[in-house]
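Asks: The structure is given below, and queries will be raised subsequently.
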Amino acid sequence: AFLLAGAHRRMRRQRRRDAGGGGDQVVVGAQQAVPQQSLPPRMAVFFDTHAHLDFPDFESDLPEVVARAEAAGISRIITIGTTMESSRRAVALAHRFSNVFAAVGWHPGHAEEAPEDFRAELRDLARSPKVVAIGECGLDYYRLPGKTGGPAETDERIKAKQLQVFRQQIEVAADLGLNLVVHTRESFADTLEVLSPSTGVVRGVFHCFIGTPAEMRQVLALGSLVSFTGIATFKNAAGVRESLAACAAGQFMLETDCPSLAPVPFRGKRCEPA
């Protein structure tokens, strides 16, 4: 609901416009509707709040991947953009499949590829009725050149570009009333510092959360949420399980981050929403 709130508002408006529509269907634009009573009785219903369906890993069997998700009780999938081109593909997939929605944005790992100012282009793309969030955006210091002996000035240049790209996406999210999908890796304090001035205006979900319970509480204090992946099943992820156990219902989300991070016993294989 956190990420899909905008989509739900748009869907309600569409229902009102579509006179005579069936009460058991969700209608999005001119797409084929998804029956809401298609799941077996008592089957748990989940959203996969973070998937990368536009990645080449799914090119050969994407319709089957989406069908398996629905059969397994995954009623909604949010496919996440990582560049402008990736975001366009995410929106196209969201219009192709009625149970898929999109987040559009620029991943910090690709920040150096971003133009100096992409706010107008991102804003236009985010106005699609199937777009529910801005992102994946944030800061990522994990692969800075200085970690492998590269020059420190290169690190600072990359950090500055990531910050610029992140701030532009926060601005667009605030303008459009959308939430953020936040990526942070070895940059938690800086990420919080950038987001804090927007508290009360923009909320975010810290996806693939691997931080401590104390860090989790800092995220929640901003009005944001955390989200957990299959990492929680890994043998060496006791800290992630500790954070998950400390997080109250309604304060966290679940995601696959597919095609990566398949849970045990599927670790090492392609992950998918089902």
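Please note that chains go A, B, ... in the order of the structure tokens, that every chain numbers its residues from 1, and that ligands are numbered from 1 in the order shown.
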Taking a cut-off of 12 Å and counting only C-alpha atoms, can you build a table that, for each residue of stretch 57-138 of chain A near stretch 206-219 of chain A, reports the nearest atom pair and how far apart they are in Å (one decimal), sorted by chain then residue number, as CSV?

Replies:
residue,atom,partner,partner_atom,distance
A:Ile80,CA,A:His207,CA,11.1
A:Gly135,CA,A:His207,CA,10.3
A:Glu136,CA,A:His207,CA,8.8
A:Cys137,CA,A:Phe206,CA,9.9
A:Gly138,CA,A:Phe206,CA,9.3

Asks: Those residues with N, CA and C atoms, as a short mmCIF file (atom, residue, chain, number, x, y, z; two decimals), in the first residue's frame please?

Replies:
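And here's part-v1.cif as it stands now:
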data_model
loop_
_atom_site.label_atom_id
_atom_site.label_comp_id
_atom_site.auth_asym_id
_atom_site.auth_seq_id
_atom_site.Cartn_x
_atom_site.Cartn_y
_atom_site.Cartn_z
N ILE A 80 11.37 -1.96 -11.20
CA ILE A 80 12.12 -0.77 -10.80
C ILE A 80 13.08 -0.33 -11.91
N GLY A 135 12.51 6.06 -8.23
CA GLY A 135 13.67 5.28 -7.81
C GLY A 135 13.91 4.12 -8.76
N GLU A 136 14.95 3.56 -8.66
CA GLU A 136 15.76 3.32 -7.46
C GLU A 136 16.81 4.41 -7.37
N CYS A 137 16.84 5.11 -6.27
CA CYS A 137 17.73 6.25 -6.13
C CYS A 137 18.41 6.21 -4.77
N GLY A 138 19.52 6.93 -4.65
CA GLY A 138 20.21 6.97 -3.36
C GLY A 138 21.70 7.18 -3.53
#

Asks: Please run DSSP on the backbone and report, as a list in words, all residues within stretch 81-185 of chain A that come out as strand (DSSP E or B).

Replies: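 Residues of stretch 81-185 of chain A classed as strand (DSSP E or B): Val100, Phe101, Ala102, Ala103, Val104, Val131, Val132, Ala133, Ile134, Gly135, Glu136, Cys137, Gly138, Leu139, Asp140, Asn179, Leu180, Val181, Val182, His183, Thr184 and Arg185 of chain A.
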
Asks: Those residues you just picked out, can you put them in a file as an mmCIF file, in the first residue's frame with N, CA and C atoms?

Replies:
data_model
loop_
_atom_site.group_PDB
_atom_site.id
_atom_site.type_symbol
_atom_site.label_atom_id
_atom_site.label_comp_id
_atom_site.auth_asym_id
_atom_site.auth_seq_id
_atom_site.Cartn_x
_atom_site.Cartn_y
_atom_site.Cartn_z
ATOM 1 N N VAL A 100 1.394 -5.461 -13.002
ATOM 2 C CA VAL A 100 2.748 -4.911 -12.845
ATOM 3 C C VAL A 100 2.667 -3.392 -12.820
ATOM 4 N N PHE A 101 3.387 -2.789 -11.871
ATOM 5 C CA PHE A 101 3.492 -1.334 -11.762
ATOM 6 C C PHE A 101 4.973 -0.967 -11.853
ATOM 7 N N ALA A 102 5.254 0.324 -11.956
ATOM 8 C CA ALA A 102 6.628 0.751 -12.202
ATOM 9 C C ALA A 102 7.072 1.819 -11.217
ATOM 10 N N ALA A 103 8.370 1.791 -10.904
ATOM 11 C CA ALA A 103 9.062 2.913 -10.278
ATOM 12 C C ALA A 103 10.095 3.396 -11.285
ATOM 13 N N VAL A 104 10.256 4.704 -11.390
ATOM 14 C CA VAL A 104 11.165 5.262 -12.394
ATOM 15 C C VAL A 104 12.221 6.121 -11.709
ATOM 16 N N VAL A 131 2.908 4.407 -12.849
ATOM 17 C CA VAL A 131 4.095 4.707 -12.039
ATOM 18 C C VAL A 131 3.667 5.000 -10.610
ATOM 19 N N VAL A 132 4.271 4.304 -9.645
ATOM 20 C CA VAL A 132 3.857 4.416 -8.241
ATOM 21 C C VAL A 132 4.947 4.968 -7.341
ATOM 22 N N ALA A 133 6.163 5.176 -7.850
ATOM 23 C CA ALA A 133 7.256 5.658 -7.005
ATOM 24 C C ALA A 133 8.391 6.168 -7.877
ATOM 25 N N ILE A 134 9.295 6.909 -7.252
ATOM 26 C CA ILE A 134 10.527 7.376 -7.887
ATOM 27 C C ILE A 134 11.687 6.558 -7.343
ATOM 28 N N GLY A 135 12.514 6.061 -8.230
ATOM 29 C CA GLY A 135 13.666 5.284 -7.813
ATOM 30 C C GLY A 135 13.906 4.121 -8.765
ATOM 31 N N GLU A 136 14.954 3.562 -8.658
ATOM 32 C CA GLU A 136 15.758 3.322 -7.462
ATOM 33 C C GLU A 136 16.815 4.415 -7.373
ATOM 34 N N CYS A 137 16.839 5.111 -6.268
ATOM 35 C CA CYS A 137 17.732 6.247 -6.132
ATOM 36 C C CYS A 137 18.411 6.212 -4.765
ATOM 37 N N GLY A 138 19.517 6.927 -4.646
ATOM 38 C CA GLY A 138 20.212 6.968 -3.364
ATOM 39 C C GLY A 138 21.698 7.177 -3.534
ATOM 40 N N LEU A 139 22.453 6.582 -2.615
ATOM 41 C CA LEU A 139 23.914 6.695 -2.606
ATOM 42 C C LEU A 139 24.527 5.323 -2.440
ATOM 43 N N ASP A 140 25.636 5.073 -3.129
ATOM 44 C CA ASP A 140 26.300 3.768 -3.063
ATOM 45 C C ASP A 140 27.800 3.988 -3.122
ATOM 46 N N ASN A 179 6.334 8.472 -3.453
ATOM 47 C CA ASN A 179 7.357 8.027 -2.511
ATOM 48 C C ASN A 179 8.610 7.594 -3.253
ATOM 49 N N LEU A 180 9.674 7.370 -2.486
ATOM 50 C CA LEU A 180 10.979 7.016 -3.049
ATOM 51 C C LEU A 180 11.321 5.561 -2.770
ATOM 52 N N VAL A 181 11.989 4.931 -3.719
ATOM 53 C CA VAL A 181 12.650 3.638 -3.500
ATOM 54 C C VAL A 181 14.127 3.952 -3.314
ATOM 55 N N VAL A 182 14.621 3.755 -2.090
ATOM 56 C CA VAL A 182 15.954 4.235 -1.709
ATOM 57 C C VAL A 182 16.953 3.095 -1.689
ATOM 58 N N HIS A 183 18.084 3.328 -2.358
ATOM 59 C CA HIS A 183 19.222 2.417 -2.361
ATOM 60 C C HIS A 183 20.340 3.060 -1.542
ATOM 61 N N THR A 184 20.839 2.343 -0.556
ATOM 62 C CA THR A 184 21.986 2.843 0.202
ATOM 63 C C THR A 184 22.916 1.678 0.509
ATOM 64 N N ARG A 185 24.180 1.859 0.180
ATOM 65 C CA ARG A 185 25.172 0.817 0.464
ATOM 66 C C ARG A 185 26.466 1.486 0.893
#

Asks: Check the DSSP output for the backbone and give back, as JSON, numbers by chain, the residues of stretch 47-235 of chain A in helix (DSSP H, G or I).

Replies: {"A": [56, 57, 58, 62, 63, 64, 65, 66, 67, 68, 69, 70, 71, 84, 85, 86, 87, 88, 89, 90, 91, 92, 93, 94, 95, 96, 108, 109, 110, 111, 112, 113, 119, 120, 121, 122, 123, 124, 125, 126, 145, 146, 147, 148, 152, 153, 154, 155, 156, 157, 158, 159, 160, 161, 162, 163, 164, 165, 166, 167, 168, 169, 170, 171, 172, 173, 174, 175, 176, 188, 189, 190, 191, 192, 193, 194, 195, 196, 197, 198, 213, 214, 215, 216, 217, 218, 219, 220, 221, 230, 231, 232, 233]}

Asks: By how many Å are atom CA of A:Thr256 and atom CA of A:Asp48 apart?

Replies: 6.4 Å

Asks: Near A:Val65, within 8 Å and counting only C-alpha atoms, which residues show up once chain neighbours fewer than 6 positions away are dropped, as a PDB file with C-alpha atoms, in the first residue's frame?

Replies:
ATOM      1  CA  PHE A  58      13.733 -12.399 -17.971  1.00  0.00           C
ATOM      2  CA  GLU A 272      11.773 -14.336  -9.577  1.00  0.00           C
ATOM      3  CA  PRO A 273       8.650 -12.996  -7.807  1.00  0.00           C
ATOM      4  CA  ALA A 274       7.051 -16.426  -7.362  1.00  0.00           C
TER       5      ALA A 274
END

Asks: Check the smallest atom-to-atom distance from each of A:Leu222, A:Ala232, A:Leu163, A:Met253 to A:Thr49 using only C-alpha atoms, then report the winner.

Replies: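 Ranked by minimum distance to A:Thr49, first place goes to A:Met253.
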